[in-house]
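For reference, the structure is listed below as structure tokens.
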Amino acid sequence: MPEIILKNISKKWGGFTAVENLDLVIEDGAFITLLGPSGCGKTTTLRMIAGLETPTSGEIIIDGKTVFSSDKGINISAAKRDVGFLFQNYALWPHMTVYQNIAFGLETLKWKKPDIEKRVKEMLETMQIEQFEKRYPAELSGGQQQRVAIARTLAPRPKVLFMDEPLSNLDAKLRGEMRTELKRLHADTGSTFVYVTHDQLEAMTMATKICLMKEGVLQQYDPPLKVYSYPANRFVADFVGNPTMNFIPAKVRKISETKADLELFGEKFVYTSKEKLEFADGDVTVGIRPEYLPISEEGEIAGQLKGSAYSTLPAGMETTVRIKVAGSLLSSVMFGSLDYKVDSDIYFTIQGSKILLFGTDGTRVASGSVRKVE
Amino acid sequence: MDSMMYNSLFGLHLKKGDMTFLNFTMLMLGKYSAEYSTSFFWKPLWNSIRMSTYSSLIALLVGGVIAWLITRTDIRYKKFISSVFVFPYIMPSWTLALVWKNVFANSQVGTGITGMLESLTGICVPSWFVYGIFPCSVVMGIHYAPFAYILIGGILRNMDANLEEAATILKADRWRIIRKVTLPIVLPALISTVLLVFSSTMASYAVPVFVGSPGDFYVMSTMLRSLYSSSYSGQSYVMTLVLVLIGIGMLALNQAVIGKRKSFTTVTGKSGQVSYIRLKGNKVISIVIVVLLFFMAIFPIISFALESLCEVQGDYSTFTLKYWISREEIGGFHVAVGKGILFNETILGALWGSIKLSAVVSLVVGTAGFLIGYGVSKNRGSKLATLLSNVAFFPYLIPSMAFGSIFLAVSTKLLFLRGTFLLLVLVASIKYLPFASRSGASAMMQLSGEIEEAAVIVGAPWRVRMTRILFPIQKSSFISGYLLPFVSCIRELSLFILLTSSGTLITTLLSYFDERNVVQMSNGINLLIILVVLIVNFTINKLTGASIDKGIGGN
């Protein structure tokens with residue numbers, strides 16, 4: 001199984017930098033998602049690894065073999081990199097039938113005819129599209145085309161599979177189903193998957209590791225839950241999670257190695273971290289996930305804060321409540337269906353040990369818990 | 001005239017107005033003699049077919065390769081190549097024919113004029129190289145190559161690059177990708193190109209007159225003209241009919257081929273990132289192309305300028321400005337030439353006539369095209385819309401010469417039209433209208449209906465919606481719809497040559513001087529036409545972004 005290593009990769013178009021000094025190690029059999037807003041360089045990165053785009057500088061090693069190196073002048077073509085690529089719009093050849101589309105790669109590899117037939121049959125069965133064998137792509141629905149594209153990509157058994165937003169053209173329901181199937185496919189094939197998406201939910205649910213990028217620069221490269229709970233900076237914290245994290249301006253003053261005084265919503269708190277606090281006193285931003293702001297009845301528990309209901313968005317299984325407090329608008333997510341009258345009083349607490357502090361430059365400086373000073 | 005001839009030939013008593021098939025049997029079936037039919041009908045027909053086949057293949061090859069290089073590789077000087085490459089199509093078709101003559105004519109061949117090649121190097125190329133099917137095919141092929149480039153390039157540009165990349169990932173080599181993926185997808189455009197170039201070449205008159213006839217190489221159109229001017233008008237109409245039938249056949253073939261491949265047209269790409277193929281020997285290829293383009297597009301202008309400045313053809317020591325600026329009658333020819341071009345009332349009058357005609361025609365046709373396009377886009381997918389896109393090419397396929405001769409026949413019955421400016425406007429409008437309405441429709445189709453509906457909601461009347469919303473949005477496409485008929489009309493010869501006297505239009509005047517070997521004048525006039533066309537084209541292009549490619553339906 002191959003390992004993919006990117007060393008100091010950059011891509012520039014004229015004065016525009018698409019990807020800047022990217023270092024990345026993609027382990028064997030990993031399912032990596034390249035995540036970020038549009039224009040962040042994720043597709044460019046994928047295409048550079050696949051060999052469809054030439055980096056301006058750096059080095060790419062796949063399975064111990066250098067496939068690109070600007071210093072050594074190596075640039076192995078996409079055809080020789082032994083990879084599979086699933087395109088966003090499937091790129092099925094309109095003049096070939098489903099069978100011909102899937103068989104193309106095998107014919108190119110000069111497989112014997114019976115072997116090709118056997119493999120195509122196998123792929124048709126796996127993807128459950130046997131009945132469309134003789135149809136043309138234009139005669140298939142989006143989901144069926146998607147399956148054909150996957151079959152075509154997997155037929156030659158690539159060791160690495162690249163996917164460029166393969167689900168973005170499907171409707172919500174089908175997208176959910178395909179996510180399950182892709183994850184299953186990853187387990188079954190044991191191949192290395194590299195997956196580009198701008199949908200943080202897709203990245204969260206499928207990947208073994210998320211590579212989050214912004215304006216061509218790597219922000220964080222970690223397993224999904226780590227990215228979620230311990231984002232490297234405010235951008236990552238904001239990009240991952242829905243509803244998004246609450247950011248509240250605050251003032252902080254250290255009182256010991258792991259404790260600090262915190263002034264938030266005009267109230268006093270004590271902040272406690274497991275790690276040593278290493279930042280200057282003064283302005284910070286507190287980051288709190290909506291699930292750490294539970295709502296409770298007045299006086300039900302200690303440490304309550306008071307706000308007013310701005311709007312309530314019940315979704316059945318959970319409810320998002322927007323709370324107005326001291327000039328800020330917060331999101332709180334509660335399990336079950338709730339409904340609050342607009343502008344009615346709401347009492348809530350700050351819970352958990354994953355309350356984050358961000359410095360003035362946006363990097364995360366601490367994670368810990370808060371206790372209100374009564 | 002015909003009837004008197006037939007009476008004396010075959011001992012008949014036909015009167016004017018009698019119905020007879022003699023024109024057919026004599027011309028096609030050897031009623032007079034087998035030799036007559038062969039040399040006046042079958043041989044020209046065969047020549048026409050061969051010439052058209054060769055030129056469509058040349059156009060396809062040259063245009064297709066350039067289109068591929070521009071859209072798919074990292075070839076250099078793209079901007080220069082793509083803008084200069086359309087010159088040969090913008091310029092009159094005979095431009096290159098005249099250049100060919102100017103360069104390759106030599107003392108051993110034909111009228112014995114000394115060409116540039118001979119006077120510079122002393123080399124005399126053989127007769128088949130100067131006159132006949134070879135130069136005709138090459139010149140027509142190059143003239144229509146930009147047309148192929150625009151049609152094929154448009155499809156390549158719109159084609160999703162992922163389709164080719166998907167094949168690369170599956171380890172297909174460059175040649176296999178072209179063969180298995182690219183070619184099949186552009187096939188409909190290739191076939192349309194071949195058929196259109198084939199029919200256009202079949203219909204062309206000027207090129208075979210310039211580099212065919214002097215070598216006794218006659219094709220349908222040149223024979224048609226010569227039969228007509230020798231007063232065998234009945235037989236010339238037979239030829240017209242045959243040309244029209246061939247045009248219809250081509251159209252039917254085009255529909256049959258494209259109709260079957262409907263699924264192809266659904267390919268429109270959205271992949272933003274296209275990586276160009278790295279060409280081996282990029283520098284050499286780029287330079288070769290630029291040099292060839294120089295000879296195809298820029299050299300003609302220089303050549304015409306030079307030829308119009310030489311007292312003795314090919315002898316550059318006999319430089320004179322006489323043919324441009326003389327205020328006295330220029331003598332020394334067996335026809336009256338008049339004053340130098342810049343002071344010659346006939347030439348300036350004809351130029352003005354051409355500009356006037358082209359302006360009127362482009363106004364009529366462009367506006368009608370815009371409105372028809374609007375009507376069609378309002379009824380997307382209706383029978384009318386389908387019909388329109390189907391017949392759009394038709395008048396284009398009917399040879400101009402045949403078209404002209406049909407109107408000539410009509411005008412002999414409607415005497416008030418005969419030889420008038422109105423007749424010319426009418427003929428040209430009908431000829432160019434379908435193409436304009438097609439480009440108008442395609443521009444309109446690109447606008448979603450909601451854009452106009454949004455204006456309807458706020459109560460904007462129709463006139464305001466047209467002038468303030470629809471036209472401005474697709475301005476460059478619509479203005480291209482005006483530009484294309486203007487350019488086509490001002491350089492049109494064969495459509496008008498039967499309908500008007502030589503002094504009315506600049507092109508007919510050019511033909512007059514050329515036929516009488518007044519080389520300096522014909523070169524000078526040619527330069528004048530090219531300059532007018534190029535200046536109009538570039539001014540409008542710079543001011544509005546409109547261009548010939550948009551008029552044809554490229555991007």
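Just so we're on the same page: first chain in the structure tokens is A, next is B, and so on; residues restart at 1 for each chain, and ligands are numbered from 1 in the order they show up.
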Find the residues in chain A near chain B: any atom within 6 Å counts, using only C-alpha atoms. Write them as number ranges by chain.
A: 78-79, 91, 105, 108
Write the residues you've just listed into a file as an mmCIF file, in the first residue's frame, and include C-alpha atoms for each of them.
```
data_model
loop_
_atom_site.group_PDB
_atom_site.id
_atom_site.type_symbol
_atom_site.label_atom_id
_atom_site.label_comp_id
_atom_site.auth_asym_id
_atom_site.auth_seq_id
_atom_site.Cartn_x
_atom_site.Cartn_y
_atom_site.Cartn_z
ATOM 1 C CA ALA A 78 -0.656 11.197 -14.759
ATOM 2 C CA ALA A 79 -0.876 8.071 -16.898
ATOM 3 C CA ALA A 91 -16.637 12.903 -17.051
ATOM 4 C CA GLY A 105 -9.034 1.586 -18.858
ATOM 5 C CA THR A 108 -5.613 0.503 -22.415
#
```
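When the distance limit is 12 Å and only C-alpha atoms are what count, the residues near Ser501 of chain B, minus those fewer than 2 positions from it on the same chain, are Thr346, Ala350, Arg418, Gly419, Thr420, Phe421, Leu424, Leu493, Phe496, Ile497, Leu498, Leu499, Gly503, Thr504, Leu505, Ile506, Thr507, Thr508, Leu509, Leu510, Ser511 and Tyr512 of chain B.
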Can you write out the residues you just picked, keeping N, CA and C atoms, as a PDB file, in the first residue's frame?
```
ATOM      1  N   THR B 346     -15.032  56.088 -60.945  1.00  0.00           N
ATOM      2  CA  THR B 346     -15.685  54.782 -61.070  1.00  0.00           C
ATOM      3  C   THR B 346     -15.355  53.903 -59.867  1.00  0.00           C
ATOM      4  N   ALA B 350     -17.833  52.771 -56.990  1.00  0.00           N
ATOM      5  CA  ALA B 350     -18.134  51.358 -56.764  1.00  0.00           C
ATOM      6  C   ALA B 350     -17.878  50.978 -55.310  1.00  0.00           C
ATOM      7  N   ARG B 418     -35.144  44.889 -62.073  1.00  0.00           N
ATOM      8  CA  ARG B 418     -33.981  44.529 -62.863  1.00  0.00           C
ATOM      9  C   ARG B 418     -32.842  45.535 -62.736  1.00  0.00           C
ATOM     10  N   GLY B 419     -31.685  45.041 -62.323  1.00  0.00           N
ATOM     11  CA  GLY B 419     -30.495  45.880 -62.260  1.00  0.00           C
ATOM     12  C   GLY B 419     -30.543  46.954 -61.183  1.00  0.00           C
ATOM     13  N   THR B 420     -31.512  46.894 -60.270  1.00  0.00           N
ATOM     14  CA  THR B 420     -31.609  47.956 -59.261  1.00  0.00           C
ATOM     15  C   THR B 420     -30.845  47.586 -57.999  1.00  0.00           C
ATOM     16  N   PHE B 421     -30.599  48.614 -57.213  1.00  0.00           N
ATOM     17  CA  PHE B 421     -29.975  48.468 -55.909  1.00  0.00           C
ATOM     18  C   PHE B 421     -30.860  47.599 -55.011  1.00  0.00           C
ATOM     19  N   LEU B 424     -30.323  43.970 -55.435  1.00  0.00           N
ATOM     20  CA  LEU B 424     -29.104  43.503 -54.762  1.00  0.00           C
ATOM     21  C   LEU B 424     -29.340  43.343 -53.261  1.00  0.00           C
ATOM     22  N   LEU B 493     -18.683  38.365 -54.523  1.00  0.00           N
ATOM     23  CA  LEU B 493     -18.622  38.613 -55.956  1.00  0.00           C
ATOM     24  C   LEU B 493     -19.641  37.772 -56.700  1.00  0.00           C
ATOM     25  N   PHE B 496     -23.381  38.589 -57.010  1.00  0.00           N
ATOM     26  CA  PHE B 496     -23.827  39.782 -57.715  1.00  0.00           C
ATOM     27  C   PHE B 496     -23.403  39.825 -59.183  1.00  0.00           C
ATOM     28  N   ILE B 497     -22.477  38.941 -59.530  1.00  0.00           N
ATOM     29  CA  ILE B 497     -21.821  39.154 -60.830  1.00  0.00           C
ATOM     30  C   ILE B 497     -22.795  39.062 -62.007  1.00  0.00           C
ATOM     31  N   LEU B 498     -23.835  38.243 -61.859  1.00  0.00           N
ATOM     32  CA  LEU B 498     -24.804  38.133 -62.954  1.00  0.00           C
ATOM     33  C   LEU B 498     -25.848  39.246 -62.902  1.00  0.00           C
ATOM     34  N   LEU B 499     -25.971  39.880 -61.732  1.00  0.00           N
ATOM     35  CA  LEU B 499     -27.108  40.761 -61.499  1.00  0.00           C
ATOM     36  C   LEU B 499     -26.847  42.221 -61.794  1.00  0.00           C
ATOM     37  N   GLY B 503     -19.487  48.233 -62.971  1.00  0.00           N
ATOM     38  CA  GLY B 503     -19.095  49.441 -62.249  1.00  0.00           C
ATOM     39  C   GLY B 503     -19.881  49.703 -60.968  1.00  0.00           C
ATOM     40  N   THR B 504     -20.897  48.863 -60.666  1.00  0.00           N
ATOM     41  CA  THR B 504     -21.765  49.153 -59.523  1.00  0.00           C
ATOM     42  C   THR B 504     -21.074  48.871 -58.202  1.00  0.00           C
ATOM     43  N   LEU B 505     -20.401  47.713 -58.143  1.00  0.00           N
ATOM     44  CA  LEU B 505     -19.802  47.287 -56.888  1.00  0.00           C
ATOM     45  C   LEU B 505     -18.300  47.128 -57.047  1.00  0.00           C
ATOM     46  N   ILE B 506     -17.594  47.256 -55.960  1.00  0.00           N
ATOM     47  CA  ILE B 506     -16.136  47.208 -56.017  1.00  0.00           C
ATOM     48  C   ILE B 506     -15.648  45.818 -56.423  1.00  0.00           C
ATOM     49  N   THR B 507     -16.386  44.786 -56.007  1.00  0.00           N
ATOM     50  CA  THR B 507     -15.940  43.429 -56.349  1.00  0.00           C
ATOM     51  C   THR B 507     -16.139  43.127 -57.828  1.00  0.00           C
ATOM     52  N   THR B 508     -17.265  43.585 -58.380  1.00  0.00           N
ATOM     53  CA  THR B 508     -17.487  43.321 -59.797  1.00  0.00           C
ATOM     54  C   THR B 508     -16.490  44.106 -60.648  1.00  0.00           C
ATOM     55  N   LEU B 509     -16.122  45.281 -60.141  1.00  0.00           N
ATOM     56  CA  LEU B 509     -15.134  46.089 -60.841  1.00  0.00           C
ATOM     57  C   LEU B 509     -13.759  45.398 -60.805  1.00  0.00           C
ATOM     58  N   LEU B 510     -13.462  44.825 -59.683  1.00  0.00           N
ATOM     59  CA  LEU B 510     -12.207  44.088 -59.529  1.00  0.00           C
ATOM     60  C   LEU B 510     -12.136  42.960 -60.552  1.00  0.00           C
ATOM     61  N   SER B 511     -13.250  42.227 -60.636  1.00  0.00           N
ATOM     62  CA  SER B 511     -13.304  41.114 -61.572  1.00  0.00           C
ATOM     63  C   SER B 511     -13.110  41.611 -63.009  1.00  0.00           C
ATOM     64  N   TYR B 512     -13.710  42.782 -63.297  1.00  0.00           N
ATOM     65  CA  TYR B 512     -13.596  43.378 -64.627  1.00  0.00           C
ATOM     66  C   TYR B 512     -12.135  43.657 -64.972  1.00  0.00           C
TER      67      TYR B 512
END
```
Contacts of segment 222-224 of chain A at 7 Å (only C-alpha atoms; same-chain gap of 4+ positions) as a ChimeraX atom specification
/A:204,207-211,228
